[in-house]
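Okay, protein-v2.cif is below, mmCIF, C-alpha atoms:
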```cif
data_data
loop_
_atom_site.group_PDB
_atom_site.id
_atom_site.type_symbol
_atom_site.label_atom_id
_atom_site.label_comp_id
_atom_site.auth_asym_id
_atom_site.auth_seq_id
_atom_site.Cartn_x
_atom_site.Cartn_y
_atom_site.Cartn_z
ATOM 1 C CA MET A 1 105.774 264.072 162.353
ATOM 2 C CA LYS A 2 108.732 266.269 161.414
ATOM 3 C CA ALA A 3 108.509 269.457 163.461
ATOM 4 C CA LEU A 4 110.411 272.259 165.110
ATOM 5 C CA SER A 5 110.254 272.511 168.892
ATOM 6 C CA ILE A 6 110.961 275.861 170.556
ATOM 7 C CA HIS A 7 111.506 276.652 174.229
ATOM 8 C CA LEU A 8 109.956 280.141 174.319
ATOM 9 C CA THR A 9 110.610 281.156 177.907
ATOM 10 C CA ASP A 10 112.171 280.084 181.199
ATOM 11 C CA ILE A 11 109.474 281.872 183.194
ATOM 12 C CA CYS A 12 106.127 280.447 184.318
ATOM 13 C CA ASN A 13 103.027 281.640 186.164
ATOM 14 C CA SER A 14 103.053 278.387 188.155
ATOM 15 C CA LYS A 15 105.788 276.911 190.341
ATOM 16 C CA CYS A 16 105.436 273.166 189.853
ATOM 17 C CA SER A 17 107.424 271.059 192.274
ATOM 18 C CA PHE A 18 108.840 268.893 189.459
ATOM 19 C CA CYS A 19 109.549 271.510 186.759
ATOM 20 C CA ILE A 20 112.387 270.244 184.536
ATOM 21 C CA VAL A 21 113.115 273.807 183.348
ATOM 22 C CA ASP A 22 113.660 275.022 186.920
ATOM 23 C CA SER A 23 111.176 277.844 186.276
ATOM 24 C CA PRO A 24 110.501 278.585 189.964
ATOM 25 C CA PHE A 25 114.180 279.498 190.401
ATOM 26 C CA MET A 26 114.729 281.536 187.223
ATOM 27 C CA ALA A 27 115.315 285.202 188.099
ATOM 28 C CA GLN A 28 114.983 286.363 184.507
ATOM 29 C CA ASP A 29 114.286 285.001 181.054
ATOM 30 C CA THR A 30 117.233 283.864 178.940
ATOM 31 C CA VAL A 31 115.262 283.357 175.709
ATOM 32 C CA MET A 32 115.808 286.101 173.146
ATOM 33 C CA ARG A 33 113.175 286.858 170.492
ATOM 34 C CA ARG A 34 115.790 287.402 167.798
ATOM 35 C CA ARG A 35 117.129 283.859 168.335
ATOM 36 C CA VAL A 36 113.612 282.427 167.998
ATOM 37 C CA SER A 37 112.983 284.445 164.830
ATOM 38 C CA ARG A 38 116.294 283.366 163.301
ATOM 39 C CA PHE A 39 115.521 279.699 164.047
ATOM 40 C CA LEU A 40 112.121 280.014 162.370
ATOM 41 C CA SER A 41 113.609 281.768 159.330
ATOM 42 C CA GLU A 42 116.421 279.246 158.908
ATOM 43 C CA HIS A 43 113.993 276.327 158.691
ATOM 44 C CA ALA A 44 111.090 277.841 156.784
ATOM 45 C CA GLY A 45 110.191 275.968 153.612
ATOM 46 C CA GLN A 46 112.150 272.846 154.615
ATOM 47 C CA GLY A 47 109.243 270.466 155.037
ATOM 48 C CA TYR A 48 108.525 270.941 158.727
ATOM 49 C CA GLU A 49 104.913 270.036 159.424
ATOM 50 C CA GLY A 50 104.520 272.346 162.382
ATOM 51 C CA VAL A 51 106.046 274.142 165.346
ATOM 52 C CA SER A 52 105.730 273.009 168.965
ATOM 53 C CA LEU A 53 105.962 275.797 171.556
ATOM 54 C CA HIS A 54 106.727 275.322 175.236
ATOM 55 C CA GLY A 55 108.452 276.870 178.240
ATOM 56 C CA GLY A 56 108.146 277.739 181.162
ATOM 57 C CA GLU A 57 104.714 278.963 180.152
ATOM 58 C CA ALA A 58 104.817 280.225 176.569
ATOM 59 C CA THR A 59 101.550 282.183 176.806
ATOM 60 C CA ILE A 60 102.917 284.655 179.354
ATOM 61 C CA ARG A 61 105.382 286.184 176.905
ATOM 62 C CA ARG A 62 104.202 289.678 176.031
ATOM 63 C CA ASP A 63 104.983 288.995 172.364
ATOM 64 C CA PHE A 64 103.393 285.528 172.327
ATOM 65 C CA LEU A 65 100.661 286.441 169.839
ATOM 66 C CA ASP A 66 103.239 288.198 167.675
ATOM 67 C CA ILE A 67 105.321 285.019 167.601
ATOM 68 C CA LEU A 68 102.262 283.059 166.470
ATOM 69 C CA ASP A 69 101.790 285.600 163.663
ATOM 70 C CA GLU A 70 105.427 285.183 162.679
ATOM 71 C CA ILE A 71 105.116 281.390 162.539
ATOM 72 C CA ARG A 72 102.062 281.686 160.297
ATOM 73 C CA ASP A 73 103.695 284.305 158.069
ATOM 74 C CA LYS A 74 106.723 282.072 157.538
ATOM 75 C CA GLY A 75 104.467 279.323 156.188
ATOM 76 C CA TYR A 76 104.475 276.691 158.918
ATOM 77 C CA PRO A 77 101.247 274.664 158.625
ATOM 78 C CA THR A 78 100.291 274.483 162.293
ATOM 79 C CA VAL A 79 101.313 275.111 165.888
ATOM 80 C CA HIS A 80 101.179 272.802 168.899
ATOM 81 C CA LEU A 81 101.220 274.548 172.277
ATOM 82 C CA MET A 82 102.306 272.985 175.572
ATOM 83 C CA THR A 83 100.612 275.003 178.297
ATOM 84 C CA ASN A 84 99.150 275.042 181.776
ATOM 85 C CA ALA A 85 96.100 276.716 180.104
ATOM 86 C CA ARG A 86 95.697 279.281 182.868
ATOM 87 C CA LYS A 87 95.545 282.248 180.480
ATOM 88 C CA LEU A 88 93.289 280.265 178.156
ATOM 89 C CA ALA A 89 90.579 280.472 180.815
ATOM 90 C CA ARG A 90 89.852 283.875 179.268
ATOM 91 C CA MET A 91 87.818 283.140 176.150
ATOM 92 C CA GLU A 92 89.014 286.284 174.367
ATOM 93 C CA PHE A 93 92.648 285.218 174.724
ATOM 94 C CA ALA A 94 91.875 281.592 173.794
ATOM 95 C CA ARG A 95 90.148 282.774 170.616
ATOM 96 C CA SER A 96 93.142 284.938 169.669
ATOM 97 C CA VAL A 97 95.443 281.938 170.022
ATOM 98 C CA VAL A 98 93.270 279.548 168.017
ATOM 99 C CA GLU A 99 92.759 282.129 165.269
ATOM 100 C CA ARG A 100 96.528 282.394 164.892
ATOM 101 C CA GLY A 101 96.936 278.734 163.994
ATOM 102 C CA VAL A 102 97.299 276.729 167.194
ATOM 103 C CA SER A 103 95.471 273.493 166.420
ATOM 104 C CA LEU A 104 96.652 271.314 169.331
ATOM 105 C CA PHE A 105 96.822 272.302 172.987
ATOM 106 C CA VAL A 106 98.835 269.983 175.249
ATOM 107 C CA VAL A 107 97.449 270.948 178.654
ATOM 108 C CA SER A 108 99.067 270.042 181.965
ATOM 109 C CA MET A 109 96.572 268.313 184.273
ATOM 110 C CA HIS A 110 98.343 266.933 187.303
ATOM 111 C CA GLY A 111 95.483 266.371 189.709
ATOM 112 C CA ALA A 112 91.942 265.052 189.824
ATOM 113 C CA THR A 113 91.038 267.809 192.283
ATOM 114 C CA ALA A 114 91.936 271.445 192.820
ATOM 115 C CA SER A 115 93.604 270.463 196.069
ATOM 116 C CA THR A 116 96.094 268.184 194.339
ATOM 117 C CA GLN A 117 96.824 270.280 191.262
ATOM 118 C CA ASP A 118 97.105 273.577 193.120
ATOM 119 C CA ARG A 119 99.442 271.944 195.646
ATOM 120 C CA ILE A 120 101.693 270.648 192.860
ATOM 121 C CA SER A 121 101.662 273.936 190.924
ATOM 122 C CA LYS A 122 101.869 276.043 194.085
ATOM 123 C CA SER A 123 99.304 278.311 192.430
ATOM 124 C CA LEU A 124 95.813 278.681 193.846
ATOM 125 C CA GLY A 125 93.202 278.571 191.112
ATOM 126 C CA SER A 126 95.413 276.782 188.575
ATOM 127 C CA PHE A 127 93.134 273.726 188.477
ATOM 128 C CA GLU A 128 89.967 275.667 187.711
ATOM 129 C CA GLN A 129 91.769 277.833 185.173
ATOM 130 C CA ALA A 130 93.178 274.796 183.362
ATOM 131 C CA ALA A 131 89.755 273.142 183.264
ATOM 132 C CA GLN A 132 88.158 276.289 181.854
ATOM 133 C CA GLY A 133 90.978 276.674 179.376
ATOM 134 C CA ILE A 134 90.271 273.186 178.048
ATOM 135 C CA ARG A 135 86.574 273.948 177.747
ATOM 136 C CA ASN A 136 87.315 277.176 175.883
ATOM 137 C CA VAL A 137 89.667 275.779 173.249
ATOM 138 C CA LYS A 138 87.396 272.782 172.692
ATOM 139 C CA ALA A 139 84.483 275.170 172.133
ATOM 140 C CA LEU A 140 86.656 276.928 169.542
ATOM 141 C CA GLY A 141 87.213 273.684 167.640
ATOM 142 C CA ALA A 142 90.823 272.932 168.622
ATOM 143 C CA GLU A 143 92.218 269.587 169.752
ATOM 144 C CA VAL A 144 93.248 268.986 173.356
ATOM 145 C CA ARG A 145 95.778 266.483 174.606
ATOM 146 C CA THR A 146 96.203 266.477 178.365
ATOM 147 C CA ASN A 147 99.533 265.617 179.935
ATOM 148 C CA THR A 148 99.935 264.259 183.447
ATOM 149 C CA VAL A 149 103.370 263.948 185.033
ATOM 150 C CA VAL A 150 103.308 261.059 187.493
ATOM 151 C CA CYS A 151 104.692 262.131 190.866
ATOM 152 C CA LYS A 152 104.342 261.346 194.569
ATOM 153 C CA ASP A 153 101.512 263.835 194.984
ATOM 154 C CA ASN A 154 99.211 262.442 192.294
ATOM 155 C CA PHE A 155 99.929 258.823 191.389
ATOM 156 C CA THR A 156 97.110 257.349 193.476
ATOM 157 C CA GLU A 157 94.513 259.389 191.577
ATOM 158 C CA LEU A 158 95.734 258.688 188.033
ATOM 159 C CA PRO A 159 92.539 256.824 186.987
ATOM 160 C CA GLN A 160 90.441 259.717 188.293
ATOM 161 C CA ILE A 161 92.625 262.208 186.388
ATOM 162 C CA VAL A 162 91.923 260.261 183.186
ATOM 163 C CA ASP A 163 88.184 260.428 183.835
ATOM 164 C CA LEU A 164 88.352 264.150 184.595
ATOM 165 C CA CYS A 165 90.277 264.966 181.423
ATOM 166 C CA LEU A 166 87.958 262.949 179.223
ATOM 167 C CA ASP A 167 84.894 264.492 180.862
ATOM 168 C CA LEU A 168 86.367 267.910 180.051
ATOM 169 C CA GLY A 169 86.590 266.891 176.398
ATOM 170 C CA ALA A 170 90.220 265.858 175.945
ATOM 171 C CA ASP A 171 90.908 264.070 172.670
ATOM 172 C CA GLN A 172 93.987 262.254 173.957
ATOM 173 C CA ILE A 173 95.563 261.340 177.287
ATOM 174 C CA ASN A 174 99.313 261.598 177.862
ATOM 175 C CA LEU A 175 101.011 260.066 180.886
ATOM 176 C CA SER A 176 104.616 261.096 181.477
ATOM 177 C CA ALA A 177 107.177 259.563 183.789
ATOM 178 C CA LEU A 178 108.842 262.126 186.018
ATOM 179 C CA HIS A 179 111.970 263.567 184.361
ATOM 180 C CA THR A 180 114.342 263.965 187.289
ATOM 181 C CA SER A 181 116.129 267.202 186.388
ATOM 182 C CA GLY A 182 115.756 270.897 187.212
ATOM 183 C CA THR A 183 113.384 271.505 190.107
ATOM 184 C CA ALA A 184 112.507 267.804 190.143
ATOM 185 C CA LEU A 185 116.134 267.035 190.959
ATOM 186 C CA ARG A 186 116.217 269.693 193.687
ATOM 187 C CA ASN A 187 113.097 268.078 195.180
ATOM 188 C CA PHE A 188 113.996 264.520 194.191
ATOM 189 C CA TRP A 189 112.955 262.664 197.343
ATOM 190 C CA ASP A 190 109.798 264.735 197.794
ATOM 191 C CA VAL A 191 108.440 264.297 194.265
ATOM 192 C CA THR A 192 109.892 261.071 192.826
ATOM 193 C CA PRO A 193 107.940 257.846 193.392
ATOM 194 C CA ARG A 194 109.367 254.396 192.709
ATOM 195 C CA TYR A 195 108.174 252.678 189.557
ATOM 196 C CA GLU A 196 107.075 249.620 191.504
ATOM 197 C CA GLU A 197 104.933 251.928 193.667
ATOM 198 C CA ILE A 198 103.149 253.688 190.799
ATOM 199 C CA ARG A 199 102.803 250.685 188.525
ATOM 200 C CA PRO A 200 99.284 249.513 189.554
ATOM 201 C CA TYR A 201 97.908 253.045 189.286
ATOM 202 C CA VAL A 202 99.565 253.700 185.919
ATOM 203 C CA LEU A 203 98.170 250.445 184.552
ATOM 204 C CA ALA A 204 94.720 251.234 185.956
ATOM 205 C CA ALA A 205 94.836 254.666 184.300
ATOM 206 C CA CYS A 206 95.858 253.099 180.985
ATOM 207 C CA GLU A 207 93.028 250.594 181.249
ATOM 208 C CA ARG A 208 90.584 253.408 181.993
ATOM 209 C CA ALA A 209 91.702 255.423 178.954
ATOM 210 C CA VAL A 210 91.556 252.442 176.601
ATOM 211 C CA ARG A 211 88.180 251.325 177.933
ATOM 212 C CA ARG A 212 86.763 254.794 177.308
ATOM 213 C CA GLY A 213 87.992 254.665 173.727
ATOM 214 C CA THR A 214 90.430 257.548 173.773
ATOM 215 C CA ARG A 215 93.924 257.805 172.362
ATOM 216 C CA LEU A 216 96.617 257.091 174.927
ATOM 217 C CA LEU A 217 100.262 258.123 174.746
ATOM 218 C CA MET A 218 102.982 257.446 177.305
ATOM 219 C CA GLU A 219 106.405 259.002 177.532
ATOM 220 C CA GLY A 220 109.510 258.272 179.574
ATOM 221 C CA PHE A 221 108.427 254.919 180.994
ATOM 222 C CA PRO A 222 110.794 251.962 180.610
ATOM 223 C CA TYR A 223 108.947 249.297 178.631
ATOM 224 C CA CYS A 224 109.219 246.757 181.451
ATOM 225 C CA THR A 225 107.126 248.980 183.753
ATOM 226 C CA VAL A 226 103.958 249.100 181.596
ATOM 227 C CA PRO A 227 103.230 245.492 180.573
ATOM 228 C CA GLY A 228 100.396 245.217 178.074
ATOM 229 C CA TYR A 229 100.535 248.898 177.101
ATOM 230 C CA GLU A 230 103.895 249.007 175.318
ATOM 231 C CA ARG A 231 102.234 249.970 172.022
ATOM 232 C CA HIS A 232 101.114 253.246 173.591
ATOM 233 C CA LEU A 233 104.657 254.445 174.319
ATOM 234 C CA VAL A 234 105.712 257.306 172.045
ATOM 235 C CA ASP A 235 107.257 256.192 168.755
ATOM 236 C CA TRP A 236 110.193 258.526 168.199
ATOM 237 C CA GLU A 237 111.043 256.922 164.872
ATOM 238 C CA HIS A 238 107.976 258.638 163.427
ATOM 239 C CA ASN A 239 108.195 261.835 165.492
ATOM 240 C CA ARG A 240 111.301 263.853 164.703
ATOM 241 C CA TYR A 241 111.768 267.146 166.534
ATOM 242 C CA LYS A 242 114.547 269.675 165.995
ATOM 243 C CA VAL A 243 114.706 271.679 169.211
ATOM 244 C CA LEU A 244 115.774 275.200 170.070
ATOM 245 C CA TYR A 245 116.417 275.278 173.820
ATOM 246 C CA ARG A 246 117.626 278.714 174.868
ATOM 247 C CA SER A 247 120.696 279.130 172.603
ATOM 248 C CA PHE A 248 121.277 275.391 172.129
ATOM 249 C CA VAL A 249 119.995 273.441 169.119
ATOM 250 C CA MET A 250 119.238 269.712 169.346
ATOM 251 C CA ASP A 251 119.135 268.307 165.830
ATOM 252 C CA ASP A 252 117.107 265.332 167.036
ATOM 253 C CA TYR A 253 115.345 265.370 170.407
ATOM 254 C CA GLU A 254 115.338 261.599 170.854
ATOM 255 C CA ASP A 255 119.045 261.260 170.091
ATOM 256 C CA HIS A 256 119.757 263.981 172.660
ATOM 257 C CA MET A 257 117.683 262.184 175.289
ATOM 258 C CA ASP A 258 119.488 258.911 174.615
ATOM 259 C CA ASP A 259 122.909 260.554 174.751
ATOM 260 C CA PHE A 260 122.484 262.799 177.792
ATOM 261 C CA THR A 261 119.432 262.069 179.959
ATOM 262 C CA ARG A 262 118.694 258.327 180.012
ATOM 263 C CA VAL A 263 120.732 255.252 180.820
ATOM 264 C CA LYS A 264 120.475 251.486 180.603
ATOM 265 C CA ASP A 265 121.760 248.670 182.775
ATOM 266 C CA GLU A 266 123.494 245.468 181.703
ATOM 267 C CA ARG A 267 120.227 243.587 182.253
ATOM 268 C CA CYS A 268 118.570 245.653 179.506
ATOM 269 C CA ARG A 269 120.591 243.813 176.864
ATOM 270 C CA GLY A 270 118.492 240.718 177.434
ATOM 271 C CA CYS A 271 115.171 242.525 177.129
ATOM 272 C CA PHE A 272 112.844 242.008 174.179
ATOM 273 C CA PHE A 273 112.367 245.798 173.970
ATOM 274 C CA ASP A 274 116.035 246.783 174.212
ATOM 275 C CA ASP A 275 116.133 248.270 170.701
ATOM 276 C CA VAL A 276 113.202 250.627 171.284
ATOM 277 C CA CYS A 277 113.289 251.364 175.017
ATOM 278 C CA GLY A 278 115.150 254.485 176.117
ATOM 279 C CA GLY A 279 115.901 253.151 179.584
ATOM 280 C CA VAL A 280 115.628 255.121 182.833
ATOM 281 C CA TYR A 281 116.355 258.766 183.609
ATOM 282 C CA LYS A 282 119.945 258.777 184.809
ATOM 283 C CA GLU A 283 119.302 260.535 188.141
ATOM 284 C CA TYR A 284 116.711 257.898 189.052
ATOM 285 C CA ALA A 285 119.179 255.110 188.300
ATOM 286 C CA GLU A 286 121.937 256.823 190.288
ATOM 287 C CA LEU A 287 119.830 257.554 193.376
ATOM 288 C CA ILE A 288 117.438 254.588 193.492
ATOM 289 C CA GLY A 289 119.051 251.891 191.381
ATOM 290 C CA TRP A 290 117.900 249.028 189.189
ATOM 291 C CA ASP A 291 116.386 246.428 191.526
ATOM 292 C CA GLU A 292 112.796 247.018 190.387
ATOM 293 C CA PHE A 293 113.511 246.679 186.641
ATOM 294 C CA HIS A 294 113.432 243.288 184.954
ATOM 295 C CA PRO A 295 114.059 242.426 181.298
ATOM 296 C CA VAL A 296 111.050 241.300 179.303
ATOM 297 C CA ALA A 297 111.497 237.811 177.866
ATOM 298 C CA VAL A 298 111.518 237.355 174.089
ATOM 299 C CA THR A 299 108.005 236.429 172.913
#
```
Any chance you could give the structure as structure tokens?
Amino acid sequence: MKALSIHLTDICNSKCSFCIVDSPFMAQDTVMRRRVSRFLSEHAGQGYEGVSLHGGEATIRRDFLDILDEIRDKGYPTVHLMTNARKLARMEFARSVVERGVSLFVVSMHGATASTQDRISKSLGSFEQAAQGIRNVKALGAEVRTNTVVCKDNFTELPQIVDLCLDLGADQINLSALHTSGTALRNFWDVTPRYEEIRPYVLAACERAVRRGTRLLMEGFPYCTVPGYERHLVDWEHNRYKVLYRSFVMDDYEDHMDDFTRVKDERCRGCFFDDVCGGVYKEYAELIGWDEFHPVAVT
């Protein structure tokens, strides 16, 4: 998919302990509407298949519905929204969003219980609101893809999170390795599990998703940490995103990640997946090291 990706706001109505945007610590929003509008105008009619919106929490912008109208008026075919779904718990608001062209909702579900999710988000009621938000947009005919960031607080209940999301009606399950920047870097030792620690639970969650016949997508995991499920890792060769992040434009999201956020070790050169694997988030490698990573033999 060739798409635009727009960071709509630094601000969020949750305060997740691993937020890569650092939303809990942002005093004010740095994202200007005129910059968003200019970005949309500059790329209209250039073959982009859709626009992906994210934040912070995009839905809390006062002009959020106006921005959706602008995207539609400029001729973009569809919108994908990354959201904690809290505002979507109100059916009236969910309907307004779907009617303005959002066809895919990527909903953050980080716990199998309210206790876990609300603890991670530091927002009482966020779990129930997210669950209701999923029910609402599904009832309105939209597609839901849940996203779970694997952290110290939730990794033991990953299989149960998969079951919960599918029972709520999710069309696809995303599992994301913790990106150790922003608030996650501030809280590194409190939120970051070791890959060798989470591995059995990640694999069990993958097995659960596949056994239940759903689509499974994984992002940020080194290939050597998910044996047997490598085909489910995101294929960036077929997903090209041009990103507006505050006032900075990334011409290709994957190239930016390779250049600035992820690293490889000498041992990676001998791995069967070296050409396609992005490696490890650099902060993880710097603070924890490489002992748990082993190159996959050529098959």
For Pro295 in chain A, which residue among A:Leu203, A:Leu81, A:Cys277, A:Val234 is the nearest when counting only C-alpha atoms?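 Ranking A:Leu203, A:Leu81, A:Cys277, A:Val234 by distance to Pro295 in chain A, first place goes to A:Cys277.
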Selection dump of the PyMOL selection byres ((chain A and resi 109-124) around 9), as a short mmCIF file (atom, residue, chain, number, x, y, z; two decimals) with C-alpha atoms, in the frame of the given file:
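Full text of result29.cif as output:
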```cif
data_model
loop_
_atom_site.label_atom_id
_atom_site.label_comp_id
_atom_site.auth_asym_id
_atom_site.auth_seq_id
_atom_site.Cartn_x
_atom_site.Cartn_y
_atom_site.Cartn_z
CA ASN A 13 103.03 281.64 186.16
CA SER A 14 103.05 278.39 188.16
CA LYS A 15 105.79 276.91 190.34
CA CYS A 16 105.44 273.17 189.85
CA SER A 17 107.42 271.06 192.27
CA PHE A 18 108.84 268.89 189.46
CA ASN A 84 99.15 275.04 181.78
CA VAL A 107 97.45 270.95 178.65
CA SER A 108 99.07 270.04 181.96
CA GLY A 125 93.20 278.57 191.11
CA SER A 126 95.41 276.78 188.58
CA PHE A 127 93.13 273.73 188.48
CA GLU A 128 89.97 275.67 187.71
CA ALA A 130 93.18 274.80 183.36
CA ALA A 131 89.76 273.14 183.26
CA THR A 146 96.20 266.48 178.36
CA ASN A 147 99.53 265.62 179.94
CA THR A 148 99.94 264.26 183.45
CA VAL A 149 103.37 263.95 185.03
CA VAL A 150 103.31 261.06 187.49
CA CYS A 151 104.69 262.13 190.87
CA ASP A 153 101.51 263.83 194.98
CA ASN A 154 99.21 262.44 192.29
CA PHE A 155 99.93 258.82 191.39
CA GLU A 157 94.51 259.39 191.58
CA LEU A 158 95.73 258.69 188.03
CA PRO A 159 92.54 256.82 186.99
CA GLN A 160 90.44 259.72 188.29
CA ILE A 161 92.62 262.21 186.39
CA VAL A 162 91.92 260.26 183.19
CA ASP A 163 88.18 260.43 183.84
CA LEU A 164 88.35 264.15 184.60
CA CYS A 165 90.28 264.97 181.42
#
```
Explicit residues for the PyMOL selection byres ((chain A and resi 95) around 12) (as a PyMOL selection string): chain A and resi 65+87-94+96-103+133+135-142
Point-to-point distance in Å for CA of Thr261 in chain A and CA of Ala44 in chain A: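 Here the two named atoms are 29.2 Å from each other.
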Give me the residues of range 53-143 of chain A that have any atom at most 10 Å from an atom of range 239-259 of chain A; for each, the nearest atom pair and the distance in Å, rounded to one decimal. Use only C-alpha atoms, sort by chain and number, and format it as a tab-separated table.
```
residue	atom	partner	partner_atom	distance
A:Leu53	CA	A:Leu244	CA	9.9
A:His54	CA	A:Tyr245	CA	9.8
A:Gly55	CA	A:Tyr245	CA	9.2
```
Evaluate the PyMOL selection byres ((chain A and resi 175) around 7) against this structure - the residues, as a PyMOL selection string, please. chain A and resi 147-149+173-174+176-177+217-219
Excluding Ala285 in chain A and residues on its chain fewer than 5 positions from it, collect all residues at most 10 Å away from it, counting all atoms listed in the file, and give them as a list of chain:residue names.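 Residues near the query, excluding close chain neighbours: A:Arg262, A:Val263, A:Lys264, A:Asp265, A:Gly279, A:Val280, A:Trp290, A:Asp291.
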Listed atoms of range 81-85 of chain A, axis-aligned box, 5 Å per side: centre and edge lengths to one decimal in Å, as AutoDock Vina command-line options?
```
--center_x 99.2 --center_y 274.9 --center_z 177.0 --size_x 16.2 --size_y 13.7 --size_z 19.5
```
Pull out range 16-22 of chain A, keep all heavy atoms, and write it as a compact mmCIF listing (two decimals), in the first residue's frame.
```
# COMPACT_ATOMS: atom_id res chain seq x y z
N CYS A 16 -0.01 6.44 28.54
CA CYS A 16 0.63 5.12 28.50
C CYS A 16 2.09 5.18 28.92
O CYS A 16 2.83 6.08 28.52
CB CYS A 16 0.50 4.50 27.12
SG CYS A 16 -1.20 4.08 26.69
N SER A 17 2.49 4.19 29.67
CA SER A 17 3.83 4.15 30.25
C SER A 17 4.92 3.93 29.21
O SER A 17 6.10 4.13 29.51
CB SER A 17 3.91 3.03 31.30
OG SER A 17 3.52 1.79 30.73
N PHE A 18 4.54 3.54 27.98
CA PHE A 18 5.55 3.29 26.94
C PHE A 18 5.31 4.15 25.69
O PHE A 18 5.74 3.80 24.59
CB PHE A 18 5.57 1.82 26.54
CG PHE A 18 4.22 1.25 26.22
CD1 PHE A 18 3.52 1.65 25.09
CD2 PHE A 18 3.65 0.31 27.05
CE1 PHE A 18 2.28 1.13 24.80
CE2 PHE A 18 2.40 -0.22 26.77
CZ PHE A 18 1.71 0.18 25.63
N CYS A 19 4.65 5.28 25.83
CA CYS A 19 4.31 6.13 24.68
C CYS A 19 5.57 6.60 23.96
O CYS A 19 6.43 7.26 24.56
CB CYS A 19 3.49 7.32 25.14
SG CYS A 19 3.09 8.48 23.81
N ILE A 20 5.70 6.31 22.67
CA ILE A 20 6.90 6.72 21.93
C ILE A 20 6.85 8.21 21.59
O ILE A 20 7.87 8.80 21.27
CB ILE A 20 7.11 5.88 20.66
CG1 ILE A 20 5.97 6.09 19.65
CG2 ILE A 20 7.27 4.42 21.01
CD1 ILE A 20 6.27 5.48 18.29
N VAL A 21 5.65 8.81 21.64
CA VAL A 21 5.51 10.23 21.32
C VAL A 21 5.84 11.10 22.52
O VAL A 21 6.08 12.29 22.41
CB VAL A 21 4.08 10.52 20.81
CG1 VAL A 21 3.87 11.99 20.51
CG2 VAL A 21 3.78 9.68 19.56
N ASP A 22 5.87 10.50 23.71
CA ASP A 22 6.08 11.23 24.95
C ASP A 22 4.86 12.08 25.31
O ASP A 22 4.99 13.13 25.96
CB ASP A 22 7.32 12.12 24.86
CG ASP A 22 8.25 11.95 26.07
OD1 ASP A 22 7.97 11.06 26.89
OD2 ASP A 22 9.23 12.69 26.18
```
